$ cat structure.csv   # CSV, N, CA and C atoms
chain,number,residue,atom,x,y,z
Q,468,LYS,N,-8.0,39.2,46.0
Q,468,LYS,CA,-6.9,38.8,45.1
Q,468,LYS,C,-6.1,37.7,45.8
Q,469,ALA,N,-5.9,37.8,47.1
Q,469,ALA,CA,-5.1,36.8,47.8
Q,469,ALA,C,-5.8,35.4,47.7
Q,470,ARG,N,-7.1,35.5,47.7
Q,470,ARG,CA,-7.9,34.2,47.6
Q,470,ARG,C,-7.6,33.6,46.2
Q,471,ASN,N,-7.6,34.3,45.2
Q,471,ASN,CA,-7.3,33.8,43.8
Q,471,ASN,C,-5.9,33.2,43.8
Q,472,VAL,N,-5.0,33.8,44.5
Q,472,VAL,CA,-3.6,33.3,44.5
Q,472,VAL,C,-3.6,31.9,45.2
Q,473,GLU,N,-4.3,31.8,46.3
Q,473,GLU,CA,-4.4,30.6,47.0
Q,473,GLU,C,-5.0,29.5,46.2
Q,474,SER,N,-6.0,29.8,45.4
Q,474,SER,CA,-6.6,28.8,44.5
Q,474,SER,C,-5.7,28.4,43.5
Q,475,ALA,N,-5.0,29.4,43.0
Q,475,ALA,CA,-4.0,29.1,41.9
Q,475,ALA,C,-2.9,28.2,42.4
Q,476,ASN,N,-2.5,28.3,43.7
Q,476,ASN,CA,-1.4,27.5,44.3
Q,476,ASN,C,-1.9,26.1,44.4
Q,477,LYS,N,-3.2,25.9,44.5
Q,477,LYS,CA,-3.7,24.5,44.7
Q,477,LYS,C,-3.8,23.8,43.4
Q,478,LEU,N,-3.7,24.5,42.3
Q,478,LEU,CA,-3.9,23.9,41.0
Q,478,LEU,C,-2.6,23.1,40.7
Q,479,THR,N,-2.8,22.0,40.0
Q,479,THR,CA,-1.6,21.3,39.5
Q,479,THR,C,-1.2,21.9,38.2
Q,480,VAL,N,0.0,22.4,38.2
Q,480,VAL,CA,0.5,23.0,37.0
Q,480,VAL,C,1.5,22.0,36.3
Q,481,LYS,N,1.2,21.8,35.0
Q,481,LYS,CA,2.1,20.9,34.3
Q,481,LYS,C,3.1,21.7,33.5
Q,482,THR,N,4.3,21.4,33.6
Q,482,THR,CA,5.3,22.0,32.8
Q,482,THR,C,5.4,21.3,31.5
Q,483,PRO,N,6.1,21.9,30.5
Q,483,PRO,CA,6.3,21.2,29.2
Q,483,PRO,C,7.0,19.9,29.4
Q,484,SER,N,7.9,19.8,30.3
Q,484,SER,CA,8.6,18.5,30.5
Q,484,SER,C,7.7,17.5,31.1
Q,485,SER,N,6.8,17.8,32.0
Q,485,SER,CA,5.9,16.8,32.5
Q,485,SER,C,4.9,16.3,31.5
Q,486,HIS,N,4.5,17.2,30.5
Q,486,HIS,CA,3.7,16.8,29.4
Q,486,HIS,C,4.5,15.8,28.5
Q,487,LEU,N,5.7,16.1,28.3
Q,487,LEU,CA,6.6,15.2,27.5
Q,487,LEU,C,6.7,13.9,28.2
Q,488,ASN,N,7.0,13.9,29.5
Q,488,ASN,CA,7.1,12.6,30.2
Q,488,ASN,C,5.9,11.8,30.2
Q,489,ASN,N,4.7,12.4,30.3
Q,489,ASN,CA,3.4,11.7,30.3
Q,489,ASN,C,3.3,11.1,28.9
Q,490,GLY,N,3.6,11.9,27.8
Q,490,GLY,CA,3.5,11.4,26.5
Q,490,GLY,C,4.4,10.2,26.2
Q,491,LEU,N,5.6,10.3,26.7
Q,491,LEU,CA,6.5,9.2,26.5
Q,491,LEU,C,6.1,7.9,27.3
Q,492,ASN,N,5.5,8.1,28.5
Q,492,ASN,CA,5.0,7.0,29.2
Q,492,ASN,C,3.9,6.3,28.5
Q,493,MET,N,3.0,7.1,27.9
Q,493,MET,CA,1.9,6.6,27.1
Q,493,MET,C,2.4,5.8,25.9
Q,494,LEU,N,3.4,6.3,25.2
Q,494,LEU,CA,3.9,5.7,24.1
Q,494,LEU,C,4.6,4.3,24.5
Q,495,ASN,N,5.3,4.3,25.6
Q,495,ASN,CA,5.9,3.1,26.0
Q,495,ASN,C,4.9,2.0,26.4
Q,496,THR,N,3.7,2.4,26.8
Q,496,THR,CA,2.7,1.4,27.2
Q,496,THR,C,1.9,0.8,26.0
Q,497,ILE,N,2.0,1.6,24.8
Q,497,ILE,CA,1.3,1.1,23.7
Q,497,ILE,C,2.1,0.1,22.9
Q,498,LYS,N,1.5,-1.0,22.6
Q,498,LYS,CA,2.2,-2.1,21.9
Q,498,LYS,C,1.5,-2.2,20.5
Q,499,THR,N,2.2,-1.8,19.5
Q,499,THR,CA,1.6,-1.9,18.2
Q,499,THR,C,2.6,-2.8,17.3
Q,500,PRO,N,2.2,-4.0,17.1
Q,500,PRO,CA,3.1,-4.9,16.3
Q,500,PRO,C,3.2,-4.4,14.9
Q,501,VAL,N,2.3,-3.7,14.3
Q,501,VAL,CA,2.4,-3.2,12.9
Q,501,VAL,C,3.5,-2.2,12.8
Q,502,ALA,N,3.6,-1.3,13.8
Q,502,ALA,CA,4.6,-0.3,13.8
Q,502,ALA,C,6.0,-0.8,14.0
Q,503,SER,N,6.1,-1.9,14.7
Q,503,SER,CA,7.4,-2.4,15.0
Q,503,SER,C,7.9,-3.4,14.0
Q,504,LYS,N,7.1,-3.8,13.0
Q,504,LYS,CA,7.6,-4.7,12.0
Q,504,LYS,C,7.9,-3.9,10.7
Q,505,ALA,N,8.8,-4.4,10.0
Q,505,ALA,CA,9.1,-3.9,8.7
Q,505,ALA,C,8.1,-4.5,7.7
Q,506,PRO,N,7.8,-3.8,6.6
Q,506,PRO,CA,6.8,-4.3,5.7
Q,506,PRO,C,7.2,-5.6,5.1
Q,507,GLU,N,6.3,-6.5,4.9
Q,507,GLU,CA,6.6,-7.8,4.4
Q,507,GLU,C,6.8,-7.8,2.9
Q,508,VAL,N,6.1,-6.9,2.2
Q,508,VAL,CA,6.2,-6.8,0.7
Q,508,VAL,C,6.3,-5.3,0.4
Q,509,TRP,N,7.2,-4.9,-0.5
Q,509,TRP,CA,7.3,-3.6,-0.9
Q,509,TRP,C,7.7,-3.5,-2.4
Q,510,VAL,N,7.6,-2.3,-3.0
Q,510,VAL,CA,8.0,-2.1,-4.4
Q,510,VAL,C,9.5,-2.0,-4.5
Q,511,LYS,N,10.1,-2.9,-5.3
Q,511,LYS,CA,11.5,-2.9,-5.5
Q,511,LYS,C,11.9,-2.0,-6.7
Q,512,LYS,N,11.1,-2.2,-7.7
Q,512,LYS,CA,11.4,-1.4,-9.0
Q,512,LYS,C,10.1,-1.0,-9.6
Q,513,TRP,N,10.1,0.1,-10.3
Q,513,TRP,CA,8.9,0.5,-11.1
Q,513,TRP,C,9.3,1.2,-12.3
Q,514,VAL,N,8.5,1.3,-13.3
Q,514,VAL,CA,8.7,2.0,-14.5
Q,514,VAL,C,7.4,2.7,-14.9
Q,515,ASP,N,7.5,4.0,-15.1
Q,515,ASP,CA,6.3,4.8,-15.5
Q,515,ASP,C,6.3,5.0,-17.0
Q,516,TYR,N,5.4,4.2,-17.6
Q,516,TYR,CA,5.1,4.3,-19.0
Q,516,TYR,C,3.7,4.7,-19.2
Q,517,SER,N,3.2,5.6,-18.4
Q,517,SER,CA,1.8,6.1,-18.4
Q,517,SER,C,1.5,6.9,-19.6
Q,518,THR,N,2.5,7.4,-20.3
Q,518,THR,CA,2.1,8.1,-21.5
Q,518,THR,C,1.5,7.2,-22.6
Q,519,LYS,N,1.8,5.9,-22.4
Q,519,LYS,CA,1.2,5.0,-23.4
Q,519,LYS,C,0.4,3.9,-22.8
Q,520,TYR,N,1.0,3.2,-21.7
Q,520,TYR,CA,0.3,2.0,-21.2
Q,520,TYR,C,-0.1,2.1,-19.7
Q,521,GLY,N,0.9,2.5,-18.9
Q,521,GLY,CA,0.6,2.5,-17.4
Q,521,GLY,C,1.9,2.4,-16.6
Q,522,LEU,N,1.7,2.0,-15.4
Q,522,LEU,CA,2.8,1.9,-14.4
Q,522,LEU,C,3.1,0.5,-14.1
Q,523,GLY,N,4.3,0.0,-14.4
Q,523,GLY,CA,4.7,-1.3,-14.1
Q,523,GLY,C,5.5,-1.4,-12.8
Q,524,TYR,N,5.5,-2.5,-12.1
Q,524,TYR,CA,6.2,-2.6,-10.9
Q,524,TYR,C,6.6,-4.0,-10.6
Q,525,MET,N,7.7,-4.1,-9.8
Q,525,MET,CA,8.2,-5.4,-9.3
Q,525,MET,C,8.2,-5.3,-7.8
Q,526,LEU,N,7.6,-6.3,-7.1
Q,526,LEU,CA,7.5,-6.3,-5.7
Q,526,LEU,C,8.7,-7.1,-5.1
Q,527,SER,N,8.9,-6.9,-3.8
Q,527,SER,CA,10.0,-7.6,-3.1
Q,527,SER,C,9.9,-9.2,-3.1
Q,528,ASN,N,8.6,-9.6,-3.3
Q,528,ASN,CA,8.4,-11.1,-3.3
Q,528,ASN,C,8.4,-11.6,-4.7
Q,529,ASN,N,8.9,-10.8,-5.7
Q,529,ASN,CA,9.0,-11.1,-7.1
Q,529,ASN,C,7.7,-11.2,-7.9
Q,530,ALA,N,6.6,-10.7,-7.3
Q,530,ALA,CA,5.4,-10.5,-8.0
Q,530,ALA,C,5.6,-9.3,-8.9
Q,531,CYS,N,4.9,-9.3,-10.0
Q,531,CYS,CA,5.1,-8.2,-11.0
Q,531,CYS,C,3.7,-7.8,-11.4
Q,532,GLY,N,3.5,-6.5,-11.6
Q,532,GLY,CA,2.1,-6.0,-12.0
Q,532,GLY,C,2.2,-4.8,-12.8
Q,533,VAL,N,1.0,-4.4,-13.3
Q,533,VAL,CA,0.9,-3.2,-14.1
Q,533,VAL,C,-0.5,-2.6,-13.7
Q,534,PHE,N,-0.4,-1.3,-13.5
Q,534,PHE,CA,-1.6,-0.5,-13.3
Q,534,PHE,C,-1.8,0.3,-14.6
Q,535,PHE,N,-2.8,-0.1,-15.4
Q,535,PHE,CA,-3.0,0.4,-16.7
Q,535,PHE,C,-3.7,1.8,-16.7
Q,536,ASN,N,-3.6,2.5,-17.8
Q,536,ASN,CA,-4.2,3.8,-17.8
Q,536,ASN,C,-5.7,3.8,-17.8
Q,537,ASP,N,-6.3,2.7,-18.2
Q,537,ASP,CA,-7.8,2.5,-18.1
Q,537,ASP,C,-8.2,2.1,-16.7
Q,538,SER,N,-7.3,2.1,-15.7
Q,538,SER,CA,-7.6,1.8,-14.3
Q,538,SER,C,-7.8,0.3,-14.1
Q,539,THR,N,-7.5,-0.6,-15.1
Q,539,THR,CA,-7.5,-2.0,-14.8
Q,539,THR,C,-6.1,-2.3,-14.3
Q,540,LYS,N,-6.0,-3.5,-13.7
Q,540,LYS,CA,-4.7,-3.9,-13.1
Q,540,LYS,C,-4.5,-5.4,-13.4
Q,541,ILE,N,-3.2,-5.7,-13.5
Q,541,ILE,CA,-2.9,-7.1,-13.7
Q,541,ILE,C,-1.6,-7.4,-12.8
Q,542,ILE,N,-1.7,-8.5,-12.1
Q,542,ILE,CA,-0.5,-8.9,-11.3
Q,542,ILE,C,-0.2,-10.4,-11.4
Q,543,LEU,N,1.1,-10.6,-11.7
Q,543,LEU,CA,1.6,-12.0,-11.8
Q,543,LEU,C,2.1,-12.4,-10.5
Q,544,GLU,N,1.7,-13.6,-10.0
Q,544,GLU,CA,2.2,-14.1,-8.7
Q,544,GLU,C,3.7,-14.4,-8.8
Q,545,PRO,N,4.4,-14.5,-7.7
Q,545,PRO,CA,5.8,-14.6,-7.7
Q,545,PRO,C,6.4,-15.8,-8.5
Q,546,LYS,N,5.7,-16.9,-8.6
Q,546,LYS,CA,6.1,-18.1,-9.3
Q,546,LYS,C,6.0,-17.9,-10.8
Q,547,GLY,N,5.2,-16.9,-11.2
Q,547,GLY,CA,5.0,-16.6,-12.6
Q,547,GLY,C,4.1,-17.6,-13.4
Q,548,VAL,N,3.2,-18.2,-12.7
Q,548,VAL,CA,2.2,-19.1,-13.3
Q,548,VAL,C,0.8,-18.5,-13.4
Q,549,TYR,N,0.3,-18.0,-12.3
Q,549,TYR,CA,-1.0,-17.4,-12.3
Q,549,TYR,C,-1.0,-15.9,-12.3
Q,550,PHE,N,-2.0,-15.3,-12.9
Q,550,PHE,CA,-2.1,-13.8,-12.8
Q,550,PHE,C,-3.6,-13.5,-12.5
Q,551,ASP,N,-3.7,-12.3,-11.8
Q,551,ASP,CA,-5.1,-11.8,-11.6
Q,551,ASP,C,-5.2,-10.5,-12.5
Q,552,TYR,N,-6.4,-10.5,-13.1
Q,552,TYR,CA,-6.7,-9.3,-13.9
Q,552,TYR,C,-7.9,-8.7,-13.1
Q,553,ILE,N,-7.7,-7.4,-12.8
Q,553,ILE,CA,-8.7,-6.7,-11.9
Q,553,ILE,C,-9.3,-5.5,-12.6
Q,554,GLU,N,-10.6,-5.5,-12.7
Q,554,GLU,CA,-11.3,-4.4,-13.4
Q,554,GLU,C,-12.5,-4.0,-12.5
Q,555,ARG,N,-13.0,-2.8,-12.8
Q,555,ARG,CA,-14.1,-2.3,-12.1
Q,555,ARG,C,-15.1,-1.7,-13.1
Q,556,LYS,N,-16.3,-2.2,-13.0
Q,556,LYS,CA,-17.3,-1.6,-13.9
Q,556,LYS,C,-17.6,-0.2,-13.5
Q,557,VAL,N,-17.9,0.7,-14.5
Q,557,VAL,CA,-18.1,2.1,-14.2
Q,557,VAL,C,-19.2,2.3,-13.2
Q,558,SER,N,-20.3,1.6,-13.3
Q,558,SER,CA,-21.4,1.8,-12.4
Q,558,SER,C,-21.3,1.0,-11.0
Q,559,ASP,N,-20.2,0.3,-10.9
Q,559,ASP,CA,-20.1,-0.6,-9.7
Q,559,ASP,C,-18.8,-0.2,-8.9
Q,560,LYS,N,-18.9,-0.2,-7.6
Q,560,LYS,CA,-17.7,0.0,-6.8
Q,560,LYS,C,-16.9,-1.3,-6.6
Q,561,GLN,N,-17.5,-2.4,-6.8
Q,561,GLN,CA,-16.9,-3.7,-6.5
Q,561,GLN,C,-15.9,-4.0,-7.7
Q,562,GLU,N,-14.7,-4.5,-7.3
Q,562,GLU,CA,-13.8,-4.9,-8.3
Q,562,GLU,C,-14.1,-6.4,-8.7
Q,563,ILE,N,-13.8,-6.6,-10.0
Q,563,ILE,CA,-14.0,-8.0,-10.5
Q,563,ILE,C,-12.6,-8.5,-10.8
Q,564,ILE,N,-12.3,-9.7,-10.2
Q,564,ILE,CA,-11.0,-10.3,-10.3
Q,564,ILE,C,-11.1,-11.6,-11.1
Q,565,HIS,N,-10.3,-11.6,-12.2
Q,565,HIS,CA,-10.2,-12.8,-13.1
Q,565,HIS,C,-8.9,-13.5,-12.8
Q,566,THR,N,-8.8,-14.7,-12.5
Q,566,THR,CA,-7.6,-15.4,-12.3
Q,566,THR,C,-7.4,-16.5,-13.3
Q,567,HIS,N,-6.2,-16.4,-14.0
Q,567,HIS,CA,-5.9,-17.3,-15.1
Q,567,HIS,C,-4.4,-17.7,-15.0
Q,568,THR,N,-4.0,-18.7,-15.8
Q,568,THR,CA,-2.6,-19.0,-15.9
Q,568,THR,C,-2.0,-18.3,-17.2
Q,569,LEU,N,-0.7,-18.1,-17.2
Q,569,LEU,CA,-0.1,-17.6,-18.4
Q,569,LEU,C,-0.3,-18.5,-19.6
Q,570,ALA,N,-0.5,-19.8,-19.3
Q,570,ALA,CA,-0.6,-20.8,-20.4
Q,570,ALA,C,-2.1,-20.9,-20.9
Q,571,ASP,N,-3.0,-20.4,-20.1
Q,571,ASP,CA,-4.4,-20.5,-20.5
Q,571,ASP,C,-5.2,-19.3,-20.0
Q,572,TYR,N,-5.5,-18.4,-20.9
Q,572,TYR,CA,-6.4,-17.2,-20.5
Q,572,TYR,C,-7.2,-16.8,-21.8
Q,573,PRO,N,-8.3,-16.1,-21.5
Q,573,PRO,CA,-9.1,-15.6,-22.7
Q,573,PRO,C,-8.4,-14.7,-23.6
Q,574,GLU,N,-8.7,-14.7,-24.8
Q,574,GLU,CA,-8.1,-13.9,-25.9
Q,574,GLU,C,-8.2,-12.4,-25.5
Q,575,GLU,N,-9.3,-12.0,-24.8
Q,575,GLU,CA,-9.5,-10.6,-24.5
Q,575,GLU,C,-8.4,-10.0,-23.6
Q,576,PHE,N,-7.6,-10.9,-23.0
Q,576,PHE,CA,-6.5,-10.4,-22.1
Q,576,PHE,C,-5.2,-10.5,-22.8
Q,577,GLN,N,-5.1,-10.8,-24.1
Q,577,GLN,CA,-3.9,-11.0,-24.8
Q,577,GLN,C,-2.9,-9.8,-24.7
Q,578,LYS,N,-3.5,-8.6,-25.1
Q,578,LYS,CA,-2.6,-7.4,-25.1
Q,578,LYS,C,-2.1,-7.1,-23.8
Q,579,LYS,N,-2.9,-7.2,-22.7
Q,579,LYS,CA,-2.4,-6.8,-21.4
Q,579,LYS,C,-1.5,-7.9,-20.8
Q,580,VAL,N,-1.7,-9.1,-21.1
Q,580,VAL,CA,-0.7,-10.2,-20.7
Q,580,VAL,C,0.6,-10.0,-21.3
Q,581,THR,N,0.6,-9.6,-22.6
Q,581,THR,CA,1.8,-9.4,-23.4
Q,581,THR,C,2.5,-8.2,-22.7
Q,582,LEU,N,1.8,-7.1,-22.4
Q,582,LEU,CA,2.4,-5.9,-21.8
Q,582,LEU,C,3.0,-6.3,-20.4
Q,583,LEU,N,2.3,-7.1,-19.7
Q,583,LEU,CA,2.8,-7.6,-18.4
Q,583,LEU,C,4.1,-8.3,-18.5
Q,584,GLN,N,4.2,-9.1,-19.5
Q,584,GLN,CA,5.4,-9.9,-19.7
Q,584,GLN,C,6.6,-8.9,-20.1
Q,585,HIS,N,6.3,-7.9,-20.9
Q,585,HIS,CA,7.3,-7.0,-21.3
Q,585,HIS,C,7.8,-6.2,-20.1
Q,586,PHE,N,6.8,-5.7,-19.3
Q,586,PHE,CA,7.2,-5.0,-18.1
Q,586,PHE,C,8.1,-5.9,-17.2
Q,587,LYS,N,7.7,-7.1,-17.0
Q,587,LYS,CA,8.4,-8.1,-16.2
Q,587,LYS,C,9.8,-8.2,-16.7
Q,588,ASN,N,10.0,-8.4,-18.0
Q,588,ASN,CA,11.3,-8.6,-18.5
Q,588,ASN,C,12.2,-7.4,-18.4
Q,589,TYR,N,11.5,-6.2,-18.5
Q,589,TYR,CA,12.3,-5.0,-18.3
Q,589,TYR,C,12.8,-4.7,-16.9
Q,590,LEU,N,11.9,-5.1,-16.0
Q,590,LEU,CA,12.2,-4.9,-14.6
Q,590,LEU,C,13.1,-6.0,-14.0
$ encode --input "structure.csv" --output "structure tokens"
Amino acid sequence: KARNVESANKLTVKTPSSHLNNGLNMLNTIKTPVASKAPEVWVKKWVDYSTKYGLGYMLSNNACGVFFNDSTKIILEPKGVYFDYIERKVSDKQEIIHTHTLADYPEEFQKKVTLLQHFKNYL
């Protein structure tokens, strides 16, 4: 038994405070620019109209978008000239992005562009 005690005395025993200090030292040496920066763009306002159309949002950079109930998305860039319409085919994981101007876009996007403009005016 005395032998076991001697062996135990040779072990380095870490107390909870030494674990904490080691953890703090590790954190201080880690440099993560992402964690130290505030997000560049965030959601400023949103409206949930998912009972009928979808979720509309306004970003901090003044871009405005809608996530429609059919899982398509539309986002108007901050200057309000161009928009991206994003869809995904059922059998494909790849998103298809269509970029147009508010002044010139295919007729098939008429309803969703109109809804985008309504959401933007509301927000």
$ atom_distance --input "structure.csv" --atom1 "atom CA of Leu526 of chain Q" --atom2 "atom CA of Lys511 of chain Q"
5.3 Å
$ atom_distance --input "structure.csv" --atom1 "atom CA of Asn529 of chain Q" --atom2 "atom CA of Lys546 of chain Q"
7.9 Å
$ atom_distance --input "structure.csv" --atom1 "atom CA of Lys579 of chain Q" --atom2 "atom CA of Val510 of chain Q"
20.5 Å
$ closest_residue --input "structure.csv" --among "Q:Tyr589, Q:Tyr549, Q:Phe534, Q:Tyr516" --to "Leu569 of chain Q" --atoms "only N, CA and C atoms"
Q:Tyr549
$ residues_around --input "structure.csv" --residues "Lys587 of chain Q" --least-positions-apart "6" --cutoff "12 Å" --atoms "only C-alpha atoms" --output "PyMOL selection string"
chain Q and resi 512-514+522-526+529-533+541-545+547+580-581
$ closest_residue --input "structure.csv" --among "Q:Phe586, Q:Trp509, Q:Phe535, Q:Tyr520" --to "Glu554 of chain Q" --atoms "only C-alpha atoms"
Q:Phe535
$ closest_residue --input "structure.csv" --among "Q:Leu590, Q:Gln584, Q:Lys540, Q:Tyr552" --to "His567 of chain Q" --atoms "all atoms listed in the file"
Q:Tyr552
$ select_by_dssp --input "structure.csv" --residues "segment 526-581 of chain Q" --states "strand (DSSP E)" --output "ChimeraX atom specification"
/Q:526,531-535,540-543,549-555,562-568
$ decode --input "structure.csv" --residues "segment 491-588 of chain Q" --atoms "C-alpha atoms" --output "compact mmCIF listing (two decimals), in the first residue's frame"
# COMPACT_ATOMS: atom_id res chain seq x y z
CA LEU Q 491 -8.21 30.23 -20.58
CA ASN Q 492 -4.63 30.12 -21.84
CA MET Q 493 -5.75 28.08 -24.85
CA LEU Q 494 -8.58 30.51 -25.59
CA ASN Q 495 -6.23 33.47 -25.38
CA THR Q 496 -3.92 31.93 -27.98
CA ILE Q 497 -6.71 31.20 -30.47
CA LYS Q 498 -7.26 34.04 -32.89
CA THR Q 499 -10.59 33.82 -34.67
CA PRO Q 500 -11.41 36.91 -36.72
CA VAL Q 501 -14.94 35.66 -37.35
CA ALA Q 502 -15.77 35.48 -33.66
CA SER Q 503 -14.36 38.93 -32.96
CA LYS Q 504 -16.28 40.70 -35.73
CA ALA Q 505 -19.89 41.74 -35.70
CA PRO Q 506 -21.96 40.34 -38.58
CA GLU Q 507 -21.79 42.48 -41.70
CA VAL Q 508 -25.40 41.87 -42.71
CA TRP Q 509 -28.33 40.92 -40.51
CA VAL Q 510 -32.12 40.82 -40.60
CA LYS Q 511 -33.53 44.19 -39.52
CA LYS Q 512 -37.22 43.50 -40.04
CA TRP Q 513 -39.34 40.56 -41.07
CA VAL Q 514 -42.98 39.71 -41.52
CA ASP Q 515 -44.45 36.22 -41.39
CA TYR Q 516 -47.23 35.90 -43.92
CA SER Q 517 -46.66 32.18 -44.38
CA THR Q 518 -50.37 31.41 -44.07
CA LYS Q 519 -50.70 32.79 -47.57
CA TYR Q 520 -47.37 33.66 -49.25
CA GLY Q 521 -44.22 33.28 -47.17
CA LEU Q 522 -41.74 35.14 -44.99
CA GLY Q 523 -40.56 38.59 -46.05
CA TYR Q 524 -37.46 40.26 -44.66
CA MET Q 525 -35.36 43.41 -44.86
CA LEU Q 526 -31.61 43.15 -44.30
CA SER Q 527 -29.30 45.71 -42.71
CA ASN Q 528 -27.85 46.54 -46.13
CA ASN Q 529 -31.40 47.35 -47.40
CA ALA Q 530 -31.69 44.21 -49.51
CA CYS Q 531 -35.20 42.80 -49.31
CA GLY Q 532 -36.34 39.25 -49.90
CA VAL Q 533 -39.09 36.69 -49.59
CA PHE Q 534 -38.90 33.00 -48.82
CA PHE Q 535 -42.08 31.67 -50.42
CA ASN Q 536 -44.16 28.74 -49.19
CA ASP Q 537 -43.19 26.74 -52.29
CA SER Q 538 -39.51 27.03 -51.16
CA THR Q 539 -38.56 29.46 -53.91
CA LYS Q 540 -36.77 32.65 -52.90
CA ILE Q 541 -36.48 36.11 -54.31
CA ILE Q 542 -34.11 38.84 -53.16
CA LEU Q 543 -33.83 42.41 -54.33
CA GLU Q 544 -30.36 43.93 -54.11
CA PRO Q 545 -29.94 47.06 -51.95
CA LYS Q 546 -30.15 49.54 -54.85
CA GLY Q 547 -33.48 48.05 -55.90
CA VAL Q 548 -32.55 47.42 -59.52
CA TYR Q 549 -31.66 43.72 -59.77
CA PHE Q 550 -33.26 40.71 -58.16
CA ASP Q 551 -32.38 37.04 -57.93
CA TYR Q 552 -35.09 34.42 -58.15
CA ILE Q 553 -33.87 31.14 -56.68
CA GLU Q 554 -35.54 27.79 -57.22
CA ARG Q 555 -34.63 24.17 -56.82
CA LYS Q 556 -35.95 21.39 -59.00
CA VAL Q 557 -37.45 18.50 -57.01
CA SER Q 558 -34.99 15.94 -58.37
CA ASP Q 559 -31.94 18.19 -58.09
CA LYS Q 560 -30.07 19.54 -55.08
CA GLN Q 561 -28.56 22.36 -57.12
CA GLU Q 562 -30.25 25.75 -56.86
CA ILE Q 563 -31.08 27.59 -60.06
CA ILE Q 564 -30.62 31.36 -59.85
CA HIS Q 565 -32.29 33.72 -62.31
CA THR Q 566 -31.10 37.34 -62.23
CA HIS Q 567 -33.25 40.09 -63.75
CA THR Q 568 -34.05 43.76 -63.32
CA LEU Q 569 -37.34 45.06 -61.97
CA ALA Q 570 -37.79 46.78 -65.32
CA ASP Q 571 -37.27 43.64 -67.41
CA TYR Q 572 -38.14 40.11 -66.26
CA PRO Q 573 -40.11 37.15 -67.64
CA GLU Q 574 -43.88 37.11 -67.21
CA GLU Q 575 -43.64 33.91 -65.14
CA PHE Q 576 -42.13 35.96 -62.28
CA GLN Q 577 -44.84 38.64 -62.29
CA LYS Q 578 -46.75 37.46 -59.21
CA LYS Q 579 -43.66 36.93 -57.07
CA VAL Q 580 -42.06 40.22 -58.11
CA THR Q 581 -45.31 41.99 -57.19
CA LEU Q 582 -45.31 40.24 -53.81
CA LEU Q 583 -41.65 41.20 -53.30
CA GLN Q 584 -42.53 44.84 -53.92
CA HIS Q 585 -45.47 44.66 -51.49
CA PHE Q 586 -43.28 43.12 -48.80
CA LYS Q 587 -40.59 45.78 -49.42
CA ASN Q 588 -43.10 48.62 -49.13
